[in-house]
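Single-structure report; data block below.
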Amino acid sequence: KIGGFVTPKITDTIQPAFNATVLILIALGILRAFADFHATRTYTLLIWTAIILPIVALQQQFIAVLYLPAILFLAIGVQTLIREWYSIFPLNPYARLAGLLPLIALIVGVGYLNYVNYFMGFRYSSLASTYFDDSLRTLNQSLKDERYTKGSVVVVVPNNKVSFFSMLQEEGKDLRVEISNSVAVTPNTSYFVDSRSMLPPDTAAALGTPKDFVVSSKKNNDLRWRVYQK
């Protein structure tokens with residue numbers, strides 16, 4: 001499952017949304033919240049979390065709602081860490097400043113690691129490309145070929161893709177978009193049939209053998225279009 005408390009990184013293993021350092025800060029924030037339960041902020045947050053936890057325990061698909069309380073506890077944990085460090089050196093501003101440097105490095109490091117994990121996970125995942133459909137790109141490239149633009153062009157796609165590929169007509173391209181069970185075979189026409197579309201037997205017989213195949217650069221499921229010409 002991609003979502004909730006997992007990162008968008010597509011790998012064989014699902015990584016937690018928070019690393020160990022962040023979890024320690026969240027735990028520190030929870031402890032501080034219990035210590036300051038009389039404060040309005042922490043009192044409201046603890047009640048909110050107590051209401052959410054049973055719901056998530058019964059309906060695990062709603063686990064994402066715990067993300068916001070976790071972030072708030074993280075903020076309390078960071079605030080507590082800085083405040084406790086200040087209390088160690090109440091009269092020495094130079095020691096406070098020197099102590100803030102490792103804290104700043106800690107916070108910046110945690111933020112950078114989460115940034116890299118979130119924004120770069122897709123880019124460097126070998127499986128990410130399988131989640132993107134390049135049918136439109138390959139079709140546009142094929143329509144530039146003069147072999148297919150001398151006559152009419154019919155694009156045959158599944159029913160749920162008709163509205164999407166109809167955008168090509170709005171761009172002024174001379175073509176028709178049809179579903180597989182309503183294709184009218186006419187002469188001097190090129191038919192681009194989506195690889196996921198199954199033609200009725202009579203239509204397949206009328207079109208005959210594909211004249212060409214349009215493929216993508218993907219290793220798996222690379223066939224995008226079957227091209228027929230009449």
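Scheme for the structure tokens: letters A, B, ... for chains in order shown; per-chain residue numbers from 1; ligand numbers from 1 in order shown.
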Excluding same-chain residues fewer than 5 positions from Val215 of chain A, what lies within 7 Å of it counting only C-alpha atoms, as a JSON list (two decimals) with N, CA, C and O atoms, in the first residue's frame?
```
[["chain", "number", "residue", "atom", "x", "y", "z"],
["A", 222, "ASP", "N", 5.68, -3.18, -22.96],
["A", 222, "ASP", "CA", 6.17, -2.12, -23.83],
["A", 222, "ASP", "C", 5.27, -1.89, -25.04],
["A", 222, "ASP", "O", 5.37, -0.84, -25.69],
["A", 223, "LEU", "N", 4.39, -2.83, -25.39],
["A", 223, "LEU", "CA", 3.51, -2.64, -26.55],
["A", 223, "LEU", "C", 2.42, -1.63, -26.21],
["A", 223, "LEU", "O", 1.67, -1.80, -25.25],
["A", 224, "ARG", "N", 2.34, -0.56, -27.01],
["A", 224, "ARG", "CA", 1.37, 0.49, -26.74],
["A", 224, "ARG", "C", 0.25, 0.51, -27.79],
["A", 224, "ARG", "O", -0.90, 0.70, -27.47],
["A", 225, "TRP", "N", 0.60, 0.35, -29.08],
["A", 225, "TRP", "CA", -0.39, 0.46, -30.14],
["A", 225, "TRP", "C", -0.15, -0.60, -31.21],
["A", 225, "TRP", "O", 0.99, -0.90, -31.55]]
```
If DSSP is run on the backbone, what residues of segment 136-191 of chain A are strand (DSSP E)? A reply as a list in words would be ideal.
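Everything in segment 136-191 of chain A that counts as strand (DSSP E) is Ser152, Val153, Val154, Val155, Val156, Arg176, Val177, Glu178, Thr189, Ser190 and Tyr191 of chain A.
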Could you find all residues in chain A that DSSP calls helix (DSSP H, G or I) from the backbone, and write them as a PyMOL selection string?
chain A and resi 20-35+40-58+60-88+93-119+128-131+135-142+146-148+159-165+167-170+180-182+201-207
Mind checking which residues fall within 10 Å of segment 143-147 of chain A, counting only C-alpha atoms, ignoring those fewer than 2 positions away in the same chain, and posting them as a PDB file with N, CA, C and O atoms, in the first residue's frame?
```pdb
ATOM      1  N   THR A 138       3.710   8.175 -27.165  1.00  0.00           N
ATOM      2  CA  THR A 138       4.055   7.330 -28.311  1.00  0.00           C
ATOM      3  C   THR A 138       3.094   7.549 -29.479  1.00  0.00           C
ATOM      4  O   THR A 138       3.498   7.477 -30.642  1.00  0.00           O
ATOM      5  N   LEU A 139       1.824   7.836 -29.170  1.00  0.00           N
ATOM      6  CA  LEU A 139       0.867   8.104 -30.247  1.00  0.00           C
ATOM      7  C   LEU A 139       1.216   9.401 -30.964  1.00  0.00           C
ATOM      8  O   LEU A 139       1.195   9.469 -32.204  1.00  0.00           O
ATOM      9  N   ASN A 140       1.541  10.430 -30.217  1.00  0.00           N
ATOM     10  CA  ASN A 140       1.913  11.706 -30.843  1.00  0.00           C
ATOM     11  C   ASN A 140       3.142  11.551 -31.730  1.00  0.00           C
ATOM     12  O   ASN A 140       3.226  12.150 -32.810  1.00  0.00           O
ATOM     13  N   GLN A 141       4.094  10.761 -31.279  1.00  0.00           N
ATOM     14  CA  GLN A 141       5.282  10.536 -32.096  1.00  0.00           C
ATOM     15  C   GLN A 141       4.928   9.795 -33.386  1.00  0.00           C
ATOM     16  O   GLN A 141       5.451  10.112 -34.460  1.00  0.00           O
ATOM     17  N   THR A 149      -0.382   9.659 -41.944  1.00  0.00           N
ATOM     18  CA  THR A 149      -1.102  10.935 -41.994  1.00  0.00           C
ATOM     19  C   THR A 149      -1.635  11.257 -43.388  1.00  0.00           C
ATOM     20  O   THR A 149      -2.196  12.325 -43.594  1.00  0.00           O
ATOM     21  N   LYS A 150      -1.464  10.350 -44.333  1.00  0.00           N
ATOM     22  CA  LYS A 150      -1.956  10.618 -45.681  1.00  0.00           C
ATOM     23  C   LYS A 150      -3.472  10.506 -45.763  1.00  0.00           C
ATOM     24  O   LYS A 150      -4.110  11.190 -46.550  1.00  0.00           O
ATOM     25  N   GLY A 151      -4.057   9.618 -44.972  1.00  0.00           N
ATOM     26  CA  GLY A 151      -5.506   9.457 -44.966  1.00  0.00           C
ATOM     27  C   GLY A 151      -6.080   9.806 -43.605  1.00  0.00           C
ATOM     28  O   GLY A 151      -5.521  10.592 -42.847  1.00  0.00           O
ATOM     29  N   VAL A 153      -7.294   9.021 -39.701  1.00  0.00           N
ATOM     30  CA  VAL A 153      -6.696   8.322 -38.567  1.00  0.00           C
ATOM     31  C   VAL A 153      -7.788   8.049 -37.541  1.00  0.00           C
ATOM     32  O   VAL A 153      -8.548   8.951 -37.173  1.00  0.00           O
ATOM     33  N   LYS A 173      -5.963  17.989 -34.360  1.00  0.00           N
ATOM     34  CA  LYS A 173      -5.463  16.838 -35.103  1.00  0.00           C
ATOM     35  C   LYS A 173      -6.613  16.168 -35.849  1.00  0.00           C
ATOM     36  O   LYS A 173      -7.721  16.040 -35.333  1.00  0.00           O
ATOM     37  N   ASP A 174      -6.332  15.743 -37.071  1.00  0.00           N
ATOM     38  CA  ASP A 174      -7.350  15.135 -37.923  1.00  0.00           C
ATOM     39  C   ASP A 174      -7.459  13.646 -37.600  1.00  0.00           C
ATOM     40  O   ASP A 174      -6.807  12.801 -38.227  1.00  0.00           O
ATOM     41  N   LEU A 175      -8.270  13.325 -36.613  1.00  0.00           N
ATOM     42  CA  LEU A 175      -8.453  11.930 -36.220  1.00  0.00           C
ATOM     43  C   LEU A 175      -9.783  11.760 -35.507  1.00  0.00           C
ATOM     44  O   LEU A 175     -10.415  12.728 -35.102  1.00  0.00           O
ATOM     45  N   SER A 190      -5.897   4.807 -41.279  1.00  0.00           N
ATOM     46  CA  SER A 190      -4.950   4.164 -40.362  1.00  0.00           C
ATOM     47  C   SER A 190      -5.616   4.025 -39.001  1.00  0.00           C
ATOM     48  O   SER A 190      -6.209   4.986 -38.489  1.00  0.00           O
ATOM     49  N   PHE A 192      -5.065   3.094 -35.055  1.00  0.00           N
ATOM     50  CA  PHE A 192      -4.170   2.882 -33.919  1.00  0.00           C
ATOM     51  C   PHE A 192      -4.998   2.256 -32.798  1.00  0.00           C
ATOM     52  O   PHE A 192      -5.844   2.920 -32.191  1.00  0.00           O
ATOM     53  N   GLN A 229      -3.777  -0.616 -41.374  1.00  0.00           N
ATOM     54  CA  GLN A 229      -4.021   0.305 -42.480  1.00  0.00           C
ATOM     55  C   GLN A 229      -4.910  -0.362 -43.523  1.00  0.00           C
ATOM     56  O   GLN A 229      -4.720  -1.532 -43.862  1.00  0.00           O
TER      57      GLN A 229
END
```
Taking only C-alpha atoms into account, which of A:Pro187, A:Pro158, A:Gly29, A:Pro93 comes nearest Ile71 of chain A?
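Nearest candidate to Ile71 of chain A out of A:Pro187, A:Pro158, A:Gly29, A:Pro93: A:Gly29.
When the distance limit is 9 Å and only C-alpha atoms are what count, the residues near Ser197 of chain A, minus those fewer than 3 positions from it on the same chain, are Val156, Val157, Pro158, Ile179, Ser180, Val193 and Asp194 of chain A.
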Quote the spacing between atom CA of Asn19 of chain A and atom CA of Gly111 of chain A in Å to one decimal place.
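It comes out at 10.7 Å.
Across the model, the gap from atom CA of Thr44 of chain A to atom CA of Gln60 of chain A is 23.1 Å.
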Would you mind listing what lies within 9 Å of segment 73-84 of chain A as a PyMOL selection string, with only C-alpha atoms counted and same-chain residues fewer than 2 positions away left out?
chain A and resi 22-33+45+68-71+86-88+100+103+107
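Of note, atom CA of Ala20 of chain A and atom CA of Phe119 of chain A are spaced 19.3 Å apart.
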List the neighbours of Asp212 of chain A out to 8 Å using only C-alpha atoms; skip same-chain residues closer than 3 positions along the sequence, and give me the result as an NGL selection string.
:A and (226-228)
Nearby residues (only C-alpha atoms) at most 12 Å from Ala205 of chain A, same-chain spacing under 5 positions excluded, as a CSV table (one decimal) with N, CA and C atoms, in the first residue's frame:
```
chain,number,residue,atom,x,y,z
A,185,VAL,N,-14.8,0.1,-40.2
A,185,VAL,CA,-13.6,0.0,-41.1
A,185,VAL,C,-13.9,0.6,-42.4
A,199,LEU,N,-10.6,-6.1,-30.0
A,199,LEU,CA,-11.5,-5.9,-31.1
A,199,LEU,C,-12.4,-7.1,-31.2
A,200,PRO,N,-13.7,-6.8,-31.6
A,200,PRO,CA,-14.6,-7.9,-31.9
A,200,PRO,C,-14.1,-8.7,-33.1
A,210,PRO,N,-1.9,-6.6,-38.3
A,210,PRO,CA,-1.3,-5.3,-38.1
A,210,PRO,C,-0.1,-5.0,-39.0
A,228,TYR,N,-3.1,-0.6,-37.9
A,228,TYR,CA,-3.7,-1.3,-39.1
A,228,TYR,C,-3.9,-0.2,-40.1
```
